[in-house]
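Here is the file upload_39.txt (compact mmCIF, C-alpha atoms).
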# COMPACT_ATOMS: atom_id res chain seq x y z
CA MET P 9 108.87 35.06 40.08
CA THR P 10 106.76 36.13 37.11
CA LEU P 11 103.50 34.51 36.23
CA LEU P 12 105.02 33.06 33.06
CA GLU P 13 107.85 31.47 35.03
CA ARG P 14 105.37 29.96 37.48
CA LEU P 15 103.32 28.60 34.56
CA LEU P 16 106.40 26.92 33.15
CA GLU P 17 107.11 25.37 36.54
CA LEU P 18 103.64 23.81 36.55
CA GLY P 19 104.63 21.79 33.51
CA GLU P 20 107.53 20.30 35.47
CA SER P 21 105.82 19.81 38.82
CA GLY P 22 102.50 18.47 37.54
CA GLU P 23 100.55 20.82 39.84
CA ARG P 24 97.01 21.68 38.75
CA ALA P 25 96.04 25.31 38.31
CA VAL P 26 93.71 27.69 36.48
CA LEU P 27 94.90 30.83 34.72
CA PHE P 28 92.12 33.45 34.80
CA THR P 29 92.28 36.33 32.30
CA VAL P 30 89.82 39.23 32.49
CA LEU P 31 88.71 40.09 28.96
CA ASP P 32 86.75 43.33 29.31
CA GLY P 33 86.02 46.26 31.62
CA ASP P 34 88.60 48.31 33.50
CA ALA P 35 90.59 45.25 34.47
CA ALA P 36 90.90 43.91 30.90
CA GLY P 37 94.12 41.94 30.58
CA ALA P 38 94.47 41.30 34.33
CA LYS P 39 95.41 37.74 35.25
CA LEU P 40 95.27 35.45 38.24
CA LEU P 41 97.03 32.10 38.40
CA ALA P 42 95.29 30.02 41.06
CA LEU P 43 96.75 26.66 42.08
CA GLU P 44 94.88 23.67 43.47
CA SER P 45 97.03 24.08 46.59
CA GLY P 46 95.52 27.52 47.25
CA GLU P 47 98.53 29.56 46.09
CA ALA P 48 97.53 32.47 43.84
CA ILE P 49 99.55 35.09 41.98
CA GLY P 50 98.64 37.87 39.58
CA ASP P 51 96.92 41.24 39.35
CA ALA P 52 93.28 40.11 38.86
CA SER P 53 90.77 39.84 41.71
CA PRO P 54 91.78 37.06 44.16
CA GLU P 55 88.08 36.19 44.39
CA LEU P 56 88.34 34.47 41.01
CA ALA P 57 90.22 31.65 42.75
CA ALA P 58 86.90 30.46 44.23
CA HIS P 59 86.13 28.85 40.84
CA THR P 60 89.38 26.90 40.62
CA VAL P 61 88.27 23.54 42.03
CA GLU P 62 85.21 23.22 39.85
CA LEU P 63 87.13 24.18 36.71
CA LEU P 64 89.86 21.64 37.46
CA ARG P 65 87.27 18.93 37.91
CA ARG P 66 85.77 19.61 34.49
CA GLY P 67 89.25 19.69 33.07
CA ARG P 68 88.35 22.00 30.18
CA ASN P 69 89.12 25.60 29.32
CA ARG P 70 86.08 27.82 29.38
CA LEU P 71 84.74 31.35 29.35
CA LEU P 72 82.89 32.55 32.45
CA GLU P 73 80.80 35.64 32.97
CA LEU P 74 81.60 36.93 36.47
CA ASP P 75 80.32 40.18 37.97
CA GLY P 76 79.49 41.53 34.55
CA SER P 77 82.83 40.87 32.92
CA ARG P 78 84.00 37.98 30.87
CA VAL P 79 86.85 35.91 32.25
CA PHE P 80 88.71 33.28 30.27
CA CYS P 81 89.80 30.29 32.33
CA GLU P 82 92.63 28.09 31.09
CA VAL P 83 93.17 24.83 32.91
CA TYR P 84 96.71 23.59 33.59
CA GLY P 85 97.63 20.18 34.88
CA PRO P 86 99.05 16.82 33.99
CA PRO P 87 97.36 14.84 31.19
CA PRO P 88 94.88 12.07 32.05
CA ARG P 89 96.33 8.80 33.28
CA LEU P 90 95.51 5.32 32.07
CA ALA P 91 95.79 2.67 34.80
CA VAL P 92 95.61 -0.90 33.53
CA TYR P 93 95.39 -3.94 35.76
CA GLY P 94 96.60 -7.05 33.95
CA ALA P 95 99.88 -7.02 32.02
CA VAL P 96 98.46 -8.90 29.03
CA ASP P 97 99.06 -8.09 25.35
CA THR P 98 96.12 -5.70 25.21
CA ALA P 99 97.77 -3.69 27.98
CA GLU P 100 100.69 -2.83 25.69
CA SER P 101 98.34 -1.85 22.85
CA LEU P 102 96.30 0.29 25.25
CA CYS P 103 99.40 2.06 26.54
CA ARG P 104 100.69 2.69 23.03
CA ALA P 105 97.38 4.20 21.96
CA ALA P 106 97.05 6.22 25.19
CA ARG P 107 100.48 7.73 24.60
CA LEU P 108 99.28 8.91 21.23
CA LEU P 109 96.63 10.87 23.17
CA GLY P 110 99.34 12.34 25.38
CA TRP P 111 98.23 10.39 28.45
CA THR P 112 100.57 8.79 30.96
CA THR P 113 100.31 5.05 31.42
CA ILE P 114 100.55 2.68 34.37
CA VAL P 115 100.28 -1.10 34.20
CA ALA P 116 99.97 -3.27 37.28
CA ASP P 117 99.91 -7.02 37.76
CA ALA P 118 100.68 -9.34 40.66
CA ARG P 119 102.54 -11.68 38.31
CA ALA P 120 106.12 -10.44 38.02
CA LYS P 121 106.80 -12.44 34.87
CA PHE P 122 103.99 -10.66 33.04
CA ALA P 123 104.64 -7.11 34.17
CA THR P 124 108.01 -6.57 32.51
CA ALA P 125 109.32 -3.66 30.47
CA GLU P 126 110.07 -6.08 27.62
CA ARG P 127 106.43 -7.11 27.39
CA ILE P 128 104.92 -3.68 28.08
CA PRO P 129 107.46 -1.14 26.79
CA SER P 130 104.82 1.61 26.47
CA ALA P 131 103.96 1.68 30.18
CA ASP P 132 105.42 4.74 31.89
CA GLU P 133 105.22 2.84 35.16
CA LEU P 134 105.01 -0.86 35.98
CA ILE P 135 103.73 -1.97 39.36
CA ILE P 136 104.05 -5.54 40.60
CA GLU P 137 101.40 -5.76 43.29
CA TRP P 138 98.07 -7.36 44.06
CA PRO P 139 95.12 -5.10 43.16
CA GLU P 140 94.56 -3.52 46.60
CA GLU P 141 98.19 -2.48 46.95
CA ALA P 142 98.49 -1.49 43.30
CA PHE P 143 95.47 0.82 43.44
CA ALA P 144 96.58 2.26 46.77
CA ARG P 145 99.77 3.32 44.95
CA ILE P 146 98.04 4.49 41.78
CA ALA P 147 95.40 6.45 43.75
CA PRO P 148 93.06 6.99 40.75
CA ASP P 149 91.54 10.49 40.66
CA HIS P 150 89.01 12.28 38.47
CA ALA P 151 91.58 12.40 35.65
CA THR P 152 92.30 8.65 35.67
CA ALA P 153 90.80 5.94 33.44
CA VAL P 154 91.00 2.40 34.81
CA VAL P 155 90.88 -0.70 32.62
CA VAL P 156 90.90 -4.19 34.07
CA LEU P 157 92.13 -6.93 31.74
CA THR P 158 93.04 -10.12 33.58
CA HIS P 159 89.86 -12.19 32.94
CA ASP P 160 90.54 -13.74 36.32
CA ASP P 161 88.14 -12.99 39.15
CA LYS P 162 90.81 -13.19 41.81
CA PHE P 163 92.45 -10.11 40.24
CA ASP P 164 89.55 -8.46 38.44
CA VAL P 165 87.11 -8.39 41.37
CA PRO P 166 89.41 -6.60 43.87
CA ALA P 167 90.75 -4.36 41.08
CA LEU P 168 87.25 -3.24 40.12
CA LYS P 169 86.31 -2.83 43.76
CA ALA P 170 89.30 -0.53 44.27
CA ALA P 171 88.51 1.41 41.09
CA LEU P 172 84.88 1.88 42.16
CA ALA P 173 86.07 3.33 45.47
CA SER P 174 87.88 6.06 43.49
CA GLU P 175 86.76 8.98 41.34
CA ALA P 176 88.13 7.42 38.12
CA PHE P 177 86.30 8.98 35.17
CA TYR P 178 86.16 5.64 33.37
CA ILE P 179 86.22 2.05 34.59
CA GLY P 180 86.36 -0.62 31.90
CA ALA P 181 86.52 -4.39 32.21
CA LEU P 182 87.35 -6.77 29.41
CA GLY P 183 85.58 -10.10 29.13
CA SER P 184 82.75 -11.94 27.49
CA ARG P 185 79.16 -11.26 28.46
CA ARG P 186 79.11 -14.51 30.39
CA ASN P 187 82.20 -13.45 32.34
CA GLN P 188 80.65 -10.06 33.04
CA GLU P 189 77.58 -11.73 34.56
CA ARG P 190 79.66 -13.93 36.81
CA ARG P 191 81.90 -11.04 37.87
CA ARG P 192 78.86 -8.95 38.57
CA GLY P 193 77.64 -11.59 41.00
CA ARG P 194 81.05 -11.65 42.72
CA LEU P 195 81.10 -7.87 43.07
CA LEU P 196 77.62 -7.85 44.59
CA GLU P 197 78.76 -10.56 47.01
CA ALA P 198 81.76 -8.37 47.82
CA GLY P 199 79.34 -5.68 49.01
CA ILE P 200 79.30 -3.38 45.97
CA GLU P 201 75.97 -1.59 45.48
CA GLU P 202 73.95 -2.20 42.33
CA ASP P 203 74.16 1.53 41.43
CA ALA P 204 77.92 1.56 41.67
CA LEU P 205 78.17 -1.38 39.26
CA ALA P 206 76.61 0.77 36.56
CA ARG P 207 79.89 2.73 36.48
CA ILE P 208 81.68 -0.30 35.04
CA ALA P 209 81.85 -0.43 31.26
CA GLY P 210 81.86 -4.17 30.68
CA PRO P 211 82.46 -5.52 28.14
CA CYS P 212 84.42 -2.30 27.63
CA GLY P 213 84.84 -0.47 24.35
CA LEU P 214 82.74 0.98 21.56
CA ASP P 215 81.08 -1.37 19.10
CA ILE P 216 83.45 -0.97 16.16
CA GLY P 217 83.98 -4.66 15.46
CA ALA P 218 87.42 -4.60 17.05
CA ASP P 219 89.37 -7.81 16.58
CA SER P 220 93.10 -7.33 17.14
CA ASN P 221 94.61 -5.98 20.36
CA GLU P 222 95.28 -2.65 18.68
CA GLU P 223 91.68 -2.35 17.48
CA THR P 224 90.42 -3.28 20.94
CA ALA P 225 92.64 -0.57 22.44
CA VAL P 226 91.22 2.07 20.11
CA SER P 227 87.69 0.92 20.92
CA ILE P 228 88.30 1.15 24.69
CA LEU P 229 90.07 4.51 24.59
CA ALA P 230 87.35 5.94 22.37
CA GLU P 231 84.79 4.90 24.97
CA ALA P 232 86.89 6.43 27.75
CA LEU P 233 87.19 9.72 25.83
CA ALA P 234 83.44 9.79 25.27
CA ALA P 235 82.84 9.17 28.98
CA ARG P 236 85.14 12.04 29.90
CA ALA P 237 83.34 14.39 27.53
CA GLY P 238 79.90 13.15 28.55
CA ARG P 239 79.15 11.86 25.04
CA GLU P 240 77.51 8.69 23.77
CA GLY P 241 80.29 7.69 21.42
CA GLY P 242 78.20 7.10 18.28
CA SER P 243 78.79 8.43 14.76
CA LEU P 244 78.98 12.21 14.41
CA ARG P 245 76.72 11.79 11.39
CA GLU P 246 73.95 10.61 13.70
CA SER P 247 74.69 13.13 16.45
CA LYS P 248 72.54 16.17 17.12
CA GLN P 249 75.20 17.67 19.40
CA ARG P 250 77.98 20.04 18.44
CA ILE P 251 80.95 18.30 16.84
CA HIS P 252 83.38 19.86 19.30
CA LEU P 253 82.77 19.85 23.01
CA GLU P 254 80.23 22.36 24.30
CA VAL P 255 81.94 25.10 26.27
CA ASP P 256 78.78 26.99 27.33
CA MET B 25 98.54 29.29 25.82
CA LYS B 26 99.75 26.09 27.43
CA GLU B 27 101.13 24.56 24.22
CA ILE B 28 103.31 27.52 23.31
CA LEU B 29 104.76 28.31 26.76
CA PRO B 30 108.25 26.92 26.08
CA GLU B 31 108.54 28.98 22.89
CA LEU B 32 107.27 32.11 24.68
CA ASP B 33 109.88 31.57 27.36
CA ARG B 34 112.66 31.40 24.77
CA TRP B 35 111.51 34.66 23.19
CA ARG B 36 111.25 36.37 26.55
CA GLN B 37 114.70 35.20 27.53
CA ALA B 38 116.03 36.66 24.29
CA GLY B 39 114.60 39.98 25.50
CA GLU B 40 111.68 40.20 23.07
CA ARG B 41 108.27 41.62 23.88
CA VAL B 42 105.50 39.15 23.09
CA VAL B 43 101.83 39.35 22.12
CA VAL B 44 99.55 36.35 22.60
CA ALA B 45 96.22 35.87 20.81
CA THR B 46 93.98 33.22 22.39
CA VAL B 47 90.68 31.67 21.24
CA VAL B 48 88.40 32.40 24.22
CA ALA B 49 85.03 31.45 22.73
CA THR B 50 83.71 29.48 19.78
CA ARG B 51 80.20 29.27 18.35
CA ARG B 52 78.97 26.54 16.04
CA SER B 53 81.91 24.75 14.45
CA ALA B 54 85.42 26.00 14.99
CA PRO B 55 88.77 24.72 13.80
CA ARG B 56 90.62 25.04 17.13
CA PRO B 57 89.36 24.58 20.68
CA VAL B 58 89.23 27.42 23.21
CA GLY B 59 92.63 27.99 24.74
CA SER B 60 94.49 27.68 21.41
CA SER B 61 96.96 30.51 21.03
CA LEU B 62 99.04 32.24 18.41
CA ALA B 63 102.01 34.24 19.66
CA VAL B 64 103.85 36.99 17.84
CA SER B 65 107.25 38.29 18.92
CA GLU B 66 108.58 41.79 18.52
CA SER B 67 110.90 40.64 15.74
CA GLY B 68 107.96 39.02 13.92
CA LYS B 69 108.39 35.40 14.92
CA LEU B 70 105.18 33.32 15.09
CA CYS B 71 104.14 30.17 16.89
CA GLY B 72 100.87 28.36 17.50
CA SER B 73 97.54 28.98 15.78
CA VAL B 74 93.97 30.13 16.43
CA SER B 75 92.30 28.65 13.33
CA GLY B 76 93.19 26.44 10.43
CA GLY B 77 95.12 29.32 8.93
CA CYS B 78 91.96 31.24 7.98
CA VAL B 79 92.37 34.29 10.23
CA GLU B 80 96.00 34.22 11.33
CA GLY B 81 96.98 36.98 8.91
CA ASP B 82 94.47 39.40 10.38
CA VAL B 83 95.29 38.37 13.97
CA TYR B 84 98.93 39.14 13.18
CA GLU B 85 97.99 42.72 12.23
CA HIS B 86 96.07 43.16 15.50
CA ALA B 87 99.00 41.67 17.41
CA ARG B 88 101.39 44.25 15.94
CA GLU B 89 99.04 47.01 17.10
CA VAL B 90 98.72 45.58 20.59
CA LEU B 91 102.49 45.20 20.79
CA GLU B 92 102.83 48.97 20.36
CA SER B 93 99.79 50.13 22.36
CA GLY B 94 99.87 47.59 25.19
CA GLU B 95 96.04 47.74 25.18
CA PRO B 96 94.45 44.30 24.95
CA LYS B 97 91.60 43.76 22.49
CA LEU B 98 88.91 41.21 21.81
CA VAL B 99 88.38 40.41 18.12
CA SER B 100 85.57 38.31 16.64
CA TYR B 101 85.62 36.37 13.39
CA GLY B 102 82.72 34.69 11.71
CA ILE B 103 80.76 34.50 8.51
CA SER B 104 78.19 36.97 9.85
CA ASP B 105 80.69 39.81 9.47
CA ASP B 106 80.75 41.90 6.33
CA GLU B 107 84.46 41.40 6.21
CA ALA B 108 83.95 37.69 6.46
CA TRP B 109 84.73 36.92 2.88
CA ALA B 110 88.04 38.65 3.24
CA VAL B 111 88.88 37.29 6.69
CA GLY B 112 86.57 34.58 7.88
CA LEU B 113 86.03 30.99 8.73
CA PRO B 114 84.92 28.81 5.83
CA CYS B 115 83.58 26.24 8.31
CA GLY B 116 80.74 28.61 9.20
CA GLY B 117 81.70 29.06 12.81
CA GLU B 118 82.61 32.08 14.87
CA ILE B 119 85.52 32.62 17.18
CA ASP B 120 86.48 35.33 19.66
CA VAL B 121 90.19 35.99 19.99
CA PHE B 122 91.71 37.91 22.90
CA VAL B 123 94.91 39.69 21.92
CA GLU B 124 97.20 40.83 24.75
CA ARG B 125 100.78 41.88 25.34
CA LEU B 126 102.43 39.79 28.03
CA PRO B 127 103.52 41.87 31.03
In structure tokens, what does this structure look like?
Amino acid sequence: MTLLERLLELGESGERAVLFTVLDGDAAGAKLLALESGEAIGDASPELAAHTVELLRRGRNRLLELDGSRVFCEVYGPPPRLAVYGAVDTAESLCRAARLLGWTTIVADARAKFATAERIPSADELIIEWPEEAFARIAPDHATAVVVLTHDDKFDVPALKAALASEAFYIGALGSRRNQERRRGRLLEAGIEEDALARIAGPCGLDIGADSNEETAVSILAEALAARAGREGGSLRESKQRIHLEVD
Amino acid sequence: MKEILPELDRWRQAGERVVVATVVATRRSAPRPVGSSLAVSESGKLCGSVSGGCVEGDVYEHAREVLESGEPKLVSYGISDDEAWAVGLPCGGEIDVFVERLP
């Protein structure tokens, strides 16, 4: 199988991989396709594969200088996932907006009459389970954003607890400031450490004066994108950083 | 190269040789992120892009050369070049483009 054929297969299988291309020196043009599973094909040095895991975690293409030659690293893998707990109206708006970003979407709720394809047509997957079971199935990883929307502690608390036990790159919780305080107390009672609670964006979203469900969805996804890129999420006008993501 | 893979596959299946030009580094502002690719087929078909249309014409010329020679090359574009006013990036950034013939 050629490298190109294997690359095309990745799109179907959803496997994560890095394609290394040597840019200069005697080996210019040599390539190595290294999969997360450890499989590697190509004519470039197999030692390049040692960088695969770290590159996949960052999720961005980048140029590396290795042993005196420049190597371009292109990251392959499925798009980020949005996992929403709470099949409320905002869940549909969130899924619709996330699809625009090319993400895949999952909505879970214990209440079967809420989590229906009629109510949430933009969810790629609907899960009718209590939070523990739902998150065991979703298995959030470093490419998953979790948003908890129920406003009900009996769902939100275990959902947030499960999200905090994962590597999710963003954990957002809807709710008023008063609700956040109360939920915070419940999470501490449930044995969550103070430090871990700082990972929760609550109330979630950027301060753009969002009012409708759609506006709220944009505000939350913008915050999730900023978190993934390690940015503050303010106006570019005020920012001292590069407009596009640093690639060092 | 990820975005243009399906198109590359079609060209390859039709028996065409293919050159791919990929943005591998950007400095200051740049119109397309690293990893963006422009592909050129033997019969002159194009897909993808490496800038907002500012340097594609010149990249195409390099691609034709690489198609014949098989030798990859690294080309830089930016306003610091003398040629910049002919082939450059009006946004003030610089990009490095790696041009290679697919094996």
Please report, as AutoDock Vina command-line options, the centre and edge lengths in Å to one decimal of an axis-aligned box covering all listed atoms of stretch 77-96 of chain B with 3 Å per side.
--center_x 97.4 --center_y 39.7 --center_z 16.6 --size_x 16.9 --size_y 26.8 --size_z 23.2
*Interface residues on chain B facing chain P, 10 Å, only C-alpha atoms, written as a PyMOL selection string*: chain B and resi 25-26+29-30+32-33+36+46-60+94-98+121-127
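Atom pair atom CA of P:Gly110 / atom CA of P:Leu90 has a distance of 10.4 Å (rounded to one decimal).
In this structure, atom CA of B:Glu40 sits 10.0 Å away from atom CA of B:Lys69.
When atom CA of B:Gly102 is paired with atom CA of B:Gly117, their separation reads 5.8 Å.
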*Within 8 Å of (109.7, 41.6, 18.1), only C-alpha atoms: residues as an NGL selection string?*
:B and (40-42 or 64-69)
*Which of these residues is nearest to P:Tyr93, using only C-alpha atoms: P:Thr152, P:Ser45, P:Ser77, P:Thr158?*
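Residue with the minimum atom-to-atom distance to P:Tyr93: P:Thr158.
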